[in-house]
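Beneath this line is the structure, given in structure tokens, with notes to follow.
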Amino acid sequence: MKILVVNLTKMVDDSGGLAKVTCAFSNEMKRRGHTVSLVYSDEKIGDFYYPLDDGIPFYDIRHFQGQSIPYPWYLKIKRELIRPFNKRKARTVNTDFAQKYLLENLQKVLDIMMPEVIVAFQSASSKMLLCDLHTSVPVITMSHGDPEDYFHTYPKAELPALEKSAVCQVLLPSFEKHLKDHLPNVKTVVIGNAIPQYDVQADLSAQKDTYKILFVGRLSKNHKRPHLLIEAFAGLADEFPNWNVELWGAEDGKAYYKELQLLIKKHHLENRVFLKGPTNDVPSVLQQGDIFAFPSAYEGFGLALGEAMSMGLPAVGYKSCSAVNELIKDGENGYLCDDGIEPLRISMKRLMSSLSIRVSLGEGARIDMKKYSSKVIWDTWENLLNQIVKQ
């Protein structure tokens, strides 16, 4: 089968979840014997953060066949002026840029690769393929978050592509409902992200000199919100002197990173809370942990959370956070709490106070993540691809 993966966003040196899934999906389908190619759109030129199989050709339609296409300065200014007031209109500026400058190159890639099926990683890509280029190749549209956002913050011009898609993939059952509430006739399928299953688990029952609360994710203020974890821990540090916090992830802006540093200093936690930076060896980090704290405001799936739970770590998150409130089952594999610092502190304290609860909930987390094993997820994807091509 000839599969074209279309992720028309950045890939160069990007450690985010979307780039990770892009490479994992492409590599796995290539390993299974399919012919896979990748097209993306990046302002930068360079290597991917996550490795891509050498046998997978990839094309950057911003830098294609000796041509480089800059984002016009006047569009950048227009987009940034609009963004604080209307995210949907700001995204429409990006759509206008892609339609004007990138369509021809995308068509050239289609002509070169002649795929049997296309997996589009965002509705904007599907819009270009199905509504602008009118490709006859079946397109599967991936969703990496709650598709409810399509109807509030995404350009309206992208919505027809959802109904034109051979099928729209969503990550969680609740997301399927959200999409069908708006588009009852759209074809949907629920396929979660693949989560590694670890042979060696975190040893929560071991007696330790120091116990660790872990956070893994981009250090972003309005999304991942690690400052809430620091604030919550500040009220527990004196009571639990043998507990520390490690925050692993790339900074998302120097101003916020400095804010985190000052917050740690304000609470005199320089020797208790550590900004560790990004890591290429997440399993080794998770294996040394005892609790995973994930104070996100919203998530598309929460790969880092899933990986931590698969390692056998009990997790704490907010019940208001999409995806997190489906991966964490309160009292079974972790705790869900109301938003805010104090509710997070209370849930953390419950876990910090009881080794037996940590062990029990950690085992529940490990078992629950088995349904997202790589074999289950990739088998489901391959069956879907075969089904679409044979239609």
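Please note that chains go A, B, ... in the order of the structure tokens, that every chain numbers its residues from 1, and that ligands are numbered from 1 in the order shown.
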Inset, instruction - Please provide the set of residues having any atom within 12 Å of A:Ser356, restricted to only C-alpha atoms, with same-chain residues fewer than 4 positions apart removed, written as a count of residues only. - result: 13
Inset, instruction - Give the strand (DSSP E or B) residues of stretch 7-138 of chain A, as DSSP finds them on the backbone, and put them as a list in words. - result: Asn7, Val12, Thr35, Val36, Ser37, Leu38, Val39, Tyr40, Phe48, Phe58, Tyr59, Asp60, His63, Phe64, Gln67, Ser68, Val117, Ile118, Val119 and Ala120 of chain A
Inset, instruction - Compile the contact shell of A:Gln67 as a ChimeraX atom specification: residues with an atom at most 12 Å away, counting only C-alpha atoms, same-chain residues fewer than 3 positions apart removed. - result: /A:60-64,70,101-102,104-105
Inset, instruction - Step one, run DSSP on the backbone; step two, keep only residues of stretch 70-247 of chain A assigned to alpha helix (DSSP H); then write them as a VMD selection string. - result: chain A and resid 73 to 82 87 to 101 103 to 113 123 to 126 159 to 164 173 to 182 226 to 234
Inset, instruction - Kindly indicate which residue among A:Ala194, A:Leu183, A:Ala161, A:Ile82 lies nearest to A:Ala24, using only C-alpha atoms for the distances. - result: A:Ala194
Legend entry - Test item: residues at most 10 Å from A:Leu269, only C-alpha atoms, excluding those fewer than 2 positions along its chain, as a list of chain:residue names: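 Contacts, in chain order: A:Ile230, A:Phe233, A:Ala234, A:Ala237, A:Asn244, A:Val245, A:Gln261, A:Leu263, A:Ile264, A:Lys265, A:Lys266, A:His267, A:Asn271, A:Arg272, A:Val273, A:Phe274.
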Inset, instruction - Find the distance between atom CA of A:Pro184 and atom CA of A:Phe151 and write it in Å to one decimal. - result: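 A separation of 13.7 Å between them.
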Inset, instruction - Give me the residues within 12 Å of A:Leu162 as a VMD selection string, counting only C-alpha atoms and dropping any in the same chain fewer than 6 places off. - result: chain A and resid 120 122 to 131 139 to 143 147 150 to 151 156 168 to 170 179 to 180 182 to 188
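Proximity of A:Met311, A:Val36, A:Val137, A:Ala157 to A:Asp111, computed with only C-alpha atoms, is greatest for A:Val137.
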Inset, instruction - Skip A:Lys20 itself and residues of its chain fewer than 4 positions away, then list as a VMD selection string all residues within 9 Å of it, counting only C-alpha atoms. - result: chain A and resid 14 to 16 24 to 25 49 to 51
Proximity of stretch 93-159 of chain A to stretch 27-35 of chain A: per-residue shortest pair, 12 Å limit, only C-alpha atoms, as a Markdown table:
| residue | atom | partner | partner_atom | distance |
| --- | --- | --- | --- | --- |
| A:Met113 | CA | A:Thr35 | CA | 9.6 |
| A:Met114 | CA | A:Thr35 | CA | 10.8 |
| A:Pro115 | CA | A:Thr35 | CA | 8.8 |
| A:Glu116 | CA | A:Thr35 | CA | 9.9 |
| A:Val117 | CA | A:Thr35 | CA | 10.8 |
| A:Ile118 | CA | A:Thr35 | CA | 11.8 |
| A:Val119 | CA | A:Met29 | CA | 11.6 |
Let's have the selection written as a short mmCIF file (atom, residue, chain, number, x, y, z; two decimals), in the first residue's frame, with C-alpha atoms.
data_model
loop_
_atom_site.label_atom_id
_atom_site.label_comp_id
_atom_site.auth_asym_id
_atom_site.auth_seq_id
_atom_site.Cartn_x
_atom_site.Cartn_y
_atom_site.Cartn_z
CA MET A 113 4.17 9.79 -4.93
CA MET A 114 0.78 8.77 -6.40
CA PRO A 115 -0.51 7.46 -3.06
CA GLU A 116 -3.39 5.03 -2.63
CA VAL A 117 -4.42 6.64 0.64
CA ILE A 118 -3.55 9.88 2.44
CA VAL A 119 -3.39 10.36 6.20
#
Inset, instruction - Counting only C-alpha atoms, figure out which residue out of A:Cys337, A:Leu172, A:Ile195, A:Leu110 gets nearest to A:Tyr372. - result: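 When distances to A:Tyr372 are compared using only C-alpha atoms, the smallest one comes from A:Ile195.
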